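Colleague: I'm passing along start.tsv; it holds TSV, C-alpha atoms.
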```tsv
chain	number	residue	atom	x	y	z
H	1	MET	CA	36.46	-8.78	22.39
H	2	ALA	CA	37.32	-9.38	18.75
H	3	ASP	CA	36.22	-6.88	16.15
H	4	ILE	CA	32.86	-7.52	14.52
H	5	ARG	CA	32.71	-7.04	10.76
H	6	ILE	CA	29.31	-6.31	9.24
H	7	SER	CA	28.17	-5.68	5.69
H	8	SER	CA	25.87	-2.86	4.71
H	9	CYS	CA	23.99	-3.28	1.42
H	10	CYS	CA	22.29	-0.66	-0.76
H	11	LYS	CA	18.86	-0.47	-2.41
H	12	ILE	CA	17.01	0.60	-5.49
H	13	ASN	CA	13.48	1.93	-5.81
H	14	LEU	CA	11.95	-0.20	-8.53
H	15	PHE	CA	8.87	2.02	-8.32
H	16	LEU	CA	8.62	5.48	-6.75
H	17	GLN	CA	5.44	7.52	-6.91
H	18	VAL	CA	5.25	10.76	-4.95
H	19	THR	CA	1.69	11.01	-3.65
H	20	GLY	CA	1.74	14.27	-1.70
H	21	ARG	CA	3.52	16.66	0.64
H	22	ARG	CA	2.94	16.90	4.38
H	23	SER	CA	2.71	20.11	6.37
H	24	ASP	CA	6.16	19.41	7.84
H	25	GLY	CA	7.72	19.44	4.37
H	26	TYR	CA	8.19	15.69	3.98
H	27	HIS	CA	6.77	14.07	0.85
H	28	THR	CA	4.60	10.96	0.99
H	29	LEU	CA	5.46	8.04	-1.25
H	30	SER	CA	4.41	4.76	-2.68
H	31	THR	CA	7.64	2.93	-3.40
H	32	LEU	CA	9.06	-0.56	-3.85
H	33	PHE	CA	12.40	-1.05	-2.12
H	34	LEU	CA	14.64	-3.88	-3.30
H	35	PRO	CA	17.86	-4.72	-1.43
H	36	VAL	CA	20.82	-4.95	-3.80
H	37	ARG	CA	23.83	-7.24	-3.47
H	38	GLY	CA	27.03	-6.71	-5.38
H	39	VAL	CA	28.17	-3.39	-3.94
H	40	GLU	CA	28.33	-3.18	-0.15
H	41	ASP	CA	30.03	-1.18	2.58
H	42	GLU	CA	31.91	-2.89	5.41
H	43	ILE	CA	31.87	-1.63	8.98
H	44	ILE	CA	34.30	-2.84	11.64
H	45	CYS	CA	32.73	-2.57	15.10
H	46	ASP	CA	34.54	-2.65	18.43
H	47	PHE	CA	32.22	-2.64	21.44
H	48	SER	CA	34.97	-2.51	24.06
H	49	ALA	CA	36.96	0.47	22.86
H	50	GLN	CA	37.62	3.74	24.69
H	51	ALA	CA	34.79	5.58	26.39
H	52	GLY	CA	32.39	7.32	24.04
H	53	ILE	CA	31.70	6.83	20.35
H	54	GLU	CA	34.33	6.99	17.61
H	55	VAL	CA	33.54	6.79	13.89
H	56	LYS	CA	36.31	6.72	11.31
H	57	SER	CA	36.02	6.56	7.52
H	58	LEU	CA	38.78	5.04	5.40
H	59	ASP	CA	37.76	7.43	2.62
H	60	PRO	CA	38.87	11.00	3.43
H	61	ASP	CA	35.96	12.35	1.40
H	62	ILE	CA	33.45	10.63	3.71
H	63	PRO	CA	32.85	12.43	7.03
H	64	SER	CA	34.03	10.84	10.25
H	65	GLY	CA	32.86	11.59	13.76
H	66	LYS	CA	29.53	13.24	14.49
H	67	ASP	CA	28.95	14.14	10.84
H	68	ASN	CA	28.52	10.48	9.94
H	69	LEU	CA	25.08	8.86	10.24
H	70	ILE	CA	26.71	5.91	12.02
H	71	TYR	CA	27.52	8.22	14.92
H	72	ARG	CA	23.94	9.45	15.15
H	73	ALA	CA	22.61	5.88	15.12
H	74	ALA	CA	25.02	4.74	17.84
H	75	GLU	CA	24.35	7.83	19.96
H	76	ARG	CA	20.58	7.33	19.77
H	77	TYR	CA	20.94	3.64	20.62
H	78	ALA	CA	22.94	4.52	23.72
H	79	GLN	CA	20.32	7.08	24.78
H	80	VAL	CA	17.34	4.76	24.29
H	81	SER	CA	18.92	1.55	25.60
H	82	GLY	CA	20.75	3.06	28.57
H	83	VAL	CA	24.03	1.39	27.56
H	84	THR	CA	27.16	3.44	28.23
H	85	PRO	CA	29.00	3.51	24.89
H	86	GLU	CA	32.57	2.34	24.52
H	87	TRP	CA	32.33	1.92	20.78
H	88	SER	CA	34.50	2.35	17.74
H	89	PHE	CA	33.35	2.02	14.13
H	90	ILE	CA	35.53	1.99	11.01
H	91	LEU	CA	33.70	2.46	7.70
H	92	ASP	CA	35.05	1.08	4.43
H	93	LYS	CA	32.78	2.85	1.93
H	94	LYS	CA	32.03	1.27	-1.46
H	95	VAL	CA	28.45	2.46	-2.10
H	96	PRO	CA	28.39	5.87	-3.84
H	97	VAL	CA	27.36	8.77	-1.60
H	98	ALA	CA	24.30	11.02	-2.16
H	99	ALA	CA	23.43	8.66	-4.98
H	100	GLY	CA	19.86	7.49	-4.33
H	101	LEU	CA	21.05	4.10	-3.06
H	102	GLY	CA	20.49	4.60	0.66
H	103	GLY	CA	24.09	3.92	1.66
H	104	GLY	CA	24.10	6.14	4.75
H	105	SER	CA	20.76	4.78	5.94
H	106	SER	CA	22.03	1.25	5.43
H	107	ASN	CA	25.13	2.01	7.51
H	108	ALA	CA	22.96	3.35	10.32
H	109	ALA	CA	20.65	0.32	10.26
H	110	ALA	CA	23.56	-2.12	10.20
H	111	VAL	CA	25.07	-0.51	13.29
H	112	LEU	CA	21.71	-0.51	15.11
H	113	GLN	CA	21.29	-4.20	14.32
H	114	ALA	CA	24.83	-5.01	15.43
H	115	LEU	CA	24.42	-3.11	18.70
H	116	ASN	CA	21.07	-4.69	19.47
H	117	THR	CA	22.31	-8.19	18.62
H	118	TYR	CA	25.14	-7.65	21.09
H	119	TYR	CA	23.21	-5.98	23.93
H	120	ARG	CA	19.62	-7.20	23.26
H	121	LYS	CA	18.08	-4.14	24.89
H	122	LEU	CA	15.30	-3.28	22.42
H	123	ASP	CA	12.48	-5.29	20.89
H	124	SER	CA	11.68	-5.04	17.18
H	125	VAL	CA	9.04	-2.32	17.67
H	126	GLN	CA	11.42	-0.15	19.70
H	127	LEU	CA	14.21	-0.66	17.20
H	128	HIS	CA	11.95	0.28	14.29
H	129	LYS	CA	10.83	3.44	16.08
H	130	LEU	CA	14.43	4.35	16.81
H	131	ALA	CA	15.40	3.76	13.18
H	132	SER	CA	12.51	5.93	11.93
H	133	GLY	CA	13.82	8.85	13.96
H	134	ILE	CA	17.19	8.65	12.22
H	135	GLY	CA	16.00	8.57	8.62
H	136	ALA	CA	13.05	7.51	6.50
H	137	ASP	CA	14.97	4.70	4.74
H	138	VAL	CA	16.60	3.30	7.87
H	139	PRO	CA	13.71	1.00	8.94
H	140	PHE	CA	13.83	-0.77	5.56
H	141	PHE	CA	17.48	-1.66	6.03
H	142	LEU	CA	16.85	-3.26	9.43
H	143	GLU	CA	15.53	-6.31	7.58
H	144	SER	CA	16.71	-5.59	4.01
H	145	VAL	CA	13.92	-7.59	2.42
H	146	PRO	CA	11.84	-6.45	-0.59
H	147	ALA	CA	9.06	-4.20	0.64
H	148	TRP	CA	6.48	-1.70	-0.48
H	149	ALA	CA	6.61	1.48	1.56
H	150	GLU	CA	4.08	4.23	2.16
H	151	GLY	CA	4.14	7.37	4.31
H	152	ILE	CA	7.56	8.97	4.03
H	153	GLY	CA	8.99	5.56	3.22
H	154	ASP	CA	8.88	4.11	6.73
H	155	GLU	CA	5.54	2.28	6.61
H	156	LEU	CA	6.67	-1.07	5.27
H	157	VAL	CA	4.78	-4.04	3.83
H	158	PRO	CA	7.24	-6.82	2.90
H	159	VAL	CA	6.85	-8.75	-0.34
H	160	LYS	CA	6.33	-12.19	1.19
H	161	GLU	CA	6.67	-14.29	-1.94
H	162	LYS	CA	10.13	-15.27	-3.11
H	163	TYR	CA	11.14	-14.17	-6.57
H	164	PRO	CA	13.87	-15.10	-9.09
H	165	VAL	CA	17.14	-13.20	-9.16
H	166	LEU	CA	16.81	-9.82	-10.84
H	167	TYR	CA	19.97	-8.89	-12.72
H	168	LEU	CA	20.89	-5.21	-12.56
H	169	VAL	CA	23.58	-2.84	-13.70
H	170	LEU	CA	24.04	0.23	-11.53
H	171	ALA	CA	25.66	3.28	-13.10
H	172	ASN	CA	26.69	6.19	-10.93
H	173	PRO	CA	27.75	9.34	-12.85
H	174	GLY	CA	30.31	10.43	-10.29
H	175	PHE	CA	28.55	13.46	-8.86
H	176	PRO	CA	26.09	13.75	-5.95
H	177	VAL	CA	22.56	15.10	-6.03
H	178	GLY	CA	20.88	16.39	-2.90
H	179	VAL	CA	17.55	14.93	-1.85
H	180	ARG	CA	16.16	18.43	-1.32
H	181	TRP	CA	17.01	19.43	-4.90
H	182	SER	CA	15.27	16.39	-6.42
H	183	TYR	CA	12.09	16.79	-4.39
H	184	GLY	CA	12.12	20.54	-4.92
H	185	LYS	CA	11.63	20.04	-8.66
H	186	LEU	CA	8.32	18.19	-8.28
H	187	ASP	CA	5.08	19.66	-9.60
H	188	ALA	CA	2.58	19.38	-6.74
H	189	SER	CA	-0.34	19.54	-9.19
H	190	LYS	CA	0.63	16.07	-10.41
H	191	PHE	CA	0.41	14.38	-7.01
H	192	ALA	CA	-2.18	11.59	-6.97
H	193	PRO	CA	-3.20	8.66	-4.76
H	194	ALA	CA	-1.02	5.56	-4.89
H	195	ASP	CA	-1.48	3.58	-8.10
H	196	ILE	CA	-2.79	0.35	-6.59
H	197	GLU	CA	-3.16	-1.40	-9.94
H	198	ALA	CA	0.47	-0.70	-10.86
H	199	LYS	CA	1.61	-1.96	-7.45
H	200	GLU	CA	-0.26	-5.23	-7.86
H	201	LYS	CA	0.95	-5.77	-11.41
H	202	LEU	CA	4.56	-4.99	-10.53
H	203	THR	CA	4.49	-7.33	-7.55
H	204	ARG	CA	3.16	-10.14	-9.76
H	205	ALA	CA	5.79	-9.44	-12.42
H	206	LEU	CA	8.56	-9.47	-9.83
H	207	VAL	CA	7.43	-12.72	-8.20
H	208	SER	CA	7.04	-14.46	-11.57
H	209	GLY	CA	10.39	-13.22	-12.87
H	210	ASN	CA	8.74	-11.38	-15.77
H	211	THR	CA	11.44	-8.84	-16.58
H	212	ASP	CA	9.45	-7.39	-19.49
H	213	GLY	CA	6.56	-6.74	-17.12
H	214	ILE	CA	8.93	-5.27	-14.54
H	215	SER	CA	10.52	-3.00	-17.13
H	216	ALA	CA	7.13	-1.73	-18.31
H	217	LEU	CA	6.11	-0.76	-14.77
H	218	CYS	CA	9.31	0.82	-13.45
H	219	ARG	CA	8.63	4.39	-12.35
H	220	ASN	CA	10.32	7.25	-10.57
H	221	ASP	CA	8.57	10.61	-10.33
H	222	LEU	CA	11.88	12.26	-9.43
H	223	GLY	CA	13.61	11.13	-12.62
H	224	ASP	CA	12.28	13.65	-15.16
H	225	ALA	CA	13.98	16.66	-13.59
H	226	LEU	CA	17.27	14.77	-13.28
H	227	PHE	CA	17.33	13.76	-16.94
H	228	VAL	CA	16.64	17.36	-17.95
H	229	LYS	CA	19.24	18.87	-15.63
H	230	PHE	CA	22.01	16.36	-16.36
H	231	PRO	CA	22.36	15.38	-20.06
H	232	LEU	CA	25.01	12.84	-19.06
H	233	LEU	CA	22.28	10.76	-17.45
H	234	GLN	CA	20.38	10.70	-20.75
H	235	MET	CA	23.53	9.53	-22.54
H	236	MET	CA	24.11	6.81	-19.96
H	237	ARG	CA	20.52	5.62	-20.19
H	238	ARG	CA	20.66	5.44	-23.97
H	239	SER	CA	23.88	3.41	-23.86
H	240	MET	CA	22.36	0.83	-21.52
H	241	LEU	CA	19.13	0.57	-23.49
H	242	ASP	CA	21.06	0.12	-26.74
H	243	ALA	CA	23.02	-2.70	-25.09
H	244	GLY	CA	19.82	-4.61	-24.29
H	245	ALA	CA	18.54	-3.34	-20.94
H	246	GLY	CA	14.79	-3.75	-20.51
H	247	CYS	CA	14.50	-0.39	-18.81
H	248	VAL	CA	16.74	2.19	-17.18
H	249	GLN	CA	15.48	4.29	-14.30
H	250	VAL	CA	16.76	6.55	-11.54
H	251	SER	CA	17.00	5.08	-8.05
H	252	GLY	CA	15.61	7.18	-5.22
H	253	SER	CA	16.48	10.86	-5.50
H	254	GLY	CA	19.30	9.99	-7.91
H	255	PRO	CA	21.52	10.35	-9.69
H	256	THR	CA	22.43	6.63	-9.87
H	257	LEU	CA	20.73	4.74	-12.70
H	258	PHE	CA	19.76	1.08	-12.63
H	259	ALA	CA	19.22	-1.12	-15.67
H	260	VAL	CA	16.92	-4.14	-15.48
H	261	CYS	CA	18.42	-7.02	-17.49
H	262	ARG	CA	16.70	-10.17	-18.75
H	263	SER	CA	19.67	-12.43	-17.97
H	264	LYS	CA	23.19	-12.49	-16.64
H	265	GLU	CA	24.47	-12.41	-20.21
H	266	VAL	CA	22.53	-9.22	-20.95
H	267	GLN	CA	23.81	-7.79	-17.67
H	268	ARG	CA	27.39	-8.45	-18.82
H	269	GLN	CA	26.69	-6.86	-22.22
H	270	VAL	CA	25.21	-3.74	-20.67
H	271	ALA	CA	28.11	-3.32	-18.24
H	272	GLU	CA	30.70	-3.84	-20.98
H	273	ARG	CA	28.95	-1.37	-23.27
H	274	MET	CA	28.92	1.25	-20.54
H	275	ARG	CA	32.62	0.76	-19.78
H	276	LYS	CA	33.42	1.11	-23.48
H	277	ASP	CA	31.20	4.11	-24.18
H	278	PHE	CA	32.38	6.03	-21.12
H	279	GLN	CA	35.97	4.84	-20.80
H	280	ASN	CA	37.22	8.43	-20.87
H	281	ASN	CA	34.97	9.48	-17.99
H	282	SER	CA	36.76	8.23	-14.89
H	283	GLY	CA	34.00	9.51	-12.59
H	284	ILE	CA	31.41	6.98	-13.79
H	285	ARG	CA	31.20	3.81	-11.70
H	286	ILE	CA	29.58	0.64	-13.01
H	287	PHE	CA	28.37	-2.22	-10.81
H	288	GLU	CA	26.96	-5.60	-11.84
H	289	CYS	CA	24.48	-6.46	-9.08
H	290	GLU	CA	21.55	-8.65	-8.13
H	291	ALA	CA	18.30	-7.89	-6.35
```
The structure given in the file should be rewritten as structure tokens.

Modeller:
Amino acid sequence: MADIRISSCCKINLFLQVTGRRSDGYHTLSTLFLPVRGVEDEIICDFSAQAGIEVKSLDPDIPSGKDNLIYRAAERYAQVSGVTPEWSFILDKKVPVAAGLGGGSSNAAAVLQALNTYYRKLDSVQLHKLASGIGADVPFFLESVPAWAEGIGDELVPVKEKYPVLYLVLANPGFPVGVRWSYGKLDASKFAPADIEAKEKLTRALVSGNTDGISALCRNDLGDALFVKFPLLQMMRRSMLDAGAGCVQVSGSGPTLFAVCRSKEVQRQVAERMRKDFQNNSGIRIFECEA
């Protein structure tokens, strides 16, 4: 068969409130996932390759083989579906790694969807359960539609209403931050029940295209520690705000920042300002995206 090429998008957390910590160590959340277009990975799938599962990355800094989440997703699909794998996957990575954008989870979900579209062995409930066992963000990427999430991020309630394009600038500082580090800096005394009023207001602002309202309600409980630990993030945020961004917040466990922009013109201004202010820092990556 011919190779199948699939795209794998990333996400931002427009709102992320940490509501508690479970006995197993996982934190519970109230978060708004938005799929982001403008920076995507590509995965080339071959479902009639040699026996077994092969995963290759075109970037030598990205793990291949069993260390890649694609391998784990394919292996679990084979186990649950009963299909004998003869699969090869080639990953062309564009989304920054360990960046709070969910790139690895998106890769895993894209491969699960591709396998199930080809073999049609699992229903949606089975596929969701399988995805949850791979990673908390993976179920979101199965559909990649805007959704509020509770639990550890796997209990999804899609935003059903359509909303206008949200213009974003993503700025990755060029270094990774581990999820464990970010969550380890939280103050458990500040955990509180999900802010229902903020959720409702943010949903209304998003659906109506009210970028000022969106900017006022953006939240990430993991951001404070990151801005303290990494002064570069403070400098990047200030540059984007000075260029006209409505707000600048950390996505997920960081360290990638996203800027909410009122228009495409403001988006262009923010991106240009960042490229000018940080032209001597080759590690910083700037993306003009839409959600």

Colleague: Select, from H:Leu241, H:Ala192, H:Met236, H:Cys261, the residue with the minimum atom-to-atom distance to Asn281 of chain H, counting only C-alpha atoms.

Modeller: H:Met236

Colleague: Considering all atoms listed in the file, return as JSON, numbers by chain whatever protein or nucleic-acid residues lie within 6 Å of Ala108 of chain H, sequence-local ones (same chain, fewer than 6 positions apart) excluded.

Modeller: {"H": [69, 70, 73]}

Colleague: I'd like the contact shell of Cys9 of chain H - 9 Å cut-off, all atoms listed in the file, skipping same-chain residues fewer than 2 positions apart - returned as a CSV table (one decimal) with C-alpha atoms, in the coordinates of the input.

Modeller:
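Dumped everything to out21.csv:
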```
chain,number,residue,atom,x,y,z
H,7,SER,CA,28.2,-5.7,5.7
H,11,LYS,CA,18.9,-0.5,-2.4
H,35,PRO,CA,17.9,-4.7,-1.4
H,36,VAL,CA,20.8,-5.0,-3.8
H,37,ARG,CA,23.8,-7.2,-3.5
H,38,GLY,CA,27.0,-6.7,-5.4
H,39,VAL,CA,28.2,-3.4,-3.9
H,40,GLU,CA,28.3,-3.2,-0.2
H,41,ASP,CA,30.0,-1.2,2.6
H,42,GLU,CA,31.9,-2.9,5.4
H,95,VAL,CA,28.4,2.5,-2.1
H,102,GLY,CA,20.5,4.6,0.7
H,103,GLY,CA,24.1,3.9,1.7
H,106,SER,CA,22.0,1.2,5.4
H,107,ASN,CA,25.1,2.0,7.5
H,110,ALA,CA,23.6,-2.1,10.2
H,141,PHE,CA,17.5,-1.7,6.0
H,144,SER,CA,16.7,-5.6,4.0
```

Colleague: When you draw a straight line from atom CA of Ala259 of chain H to atom CA of Ser215 of chain H, how long is it in Å?

Modeller: 9.0 Å

Colleague: Could you tell me which of H:Ser132, H:Ser105, H:Asn68, H:Gln50 comes closest to Ser88 of chain H if we count all atoms listed in the file?

Modeller: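 Counting all atoms listed in the file, the residue closest to Ser88 of chain H is H:Gln50.
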
Colleague: Within 10 Å of (22.0, 17.5, -8.5), in the coordinates the file gives, what residues turn up when you count only C-alpha atoms, written out as a PyMOL selection string?

Modeller: chain H and resi 98-99+175-182+225-226+229-230+253-255

Colleague: Near Val80 of chain H, counting all atoms listed in the file, which residues have an atom at most 10 Å away, once you skip same-chain residues fewer than 3 positions from it, shown as a JSON list (two decimals) with C-alpha atoms, keeping the file's coordinate frame?

Modeller:
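Produced file part_1.json, reproduced below:
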```
[["chain", "number", "residue", "atom", "x", "y", "z"],
["H", 75, "GLU", "CA", 24.35, 7.83, 19.96],
["H", 76, "ARG", "CA", 20.58, 7.33, 19.77],
["H", 77, "TYR", "CA", 20.94, 3.64, 20.62],
["H", 83, "VAL", "CA", 24.03, 1.39, 27.56],
["H", 121, "LYS", "CA", 18.08, -4.14, 24.89],
["H", 122, "LEU", "CA", 15.30, -3.28, 22.42],
["H", 126, "GLN", "CA", 11.42, -0.15, 19.70],
["H", 127, "LEU", "CA", 14.21, -0.66, 17.20],
["H", 130, "LEU", "CA", 14.43, 4.35, 16.81]]
```
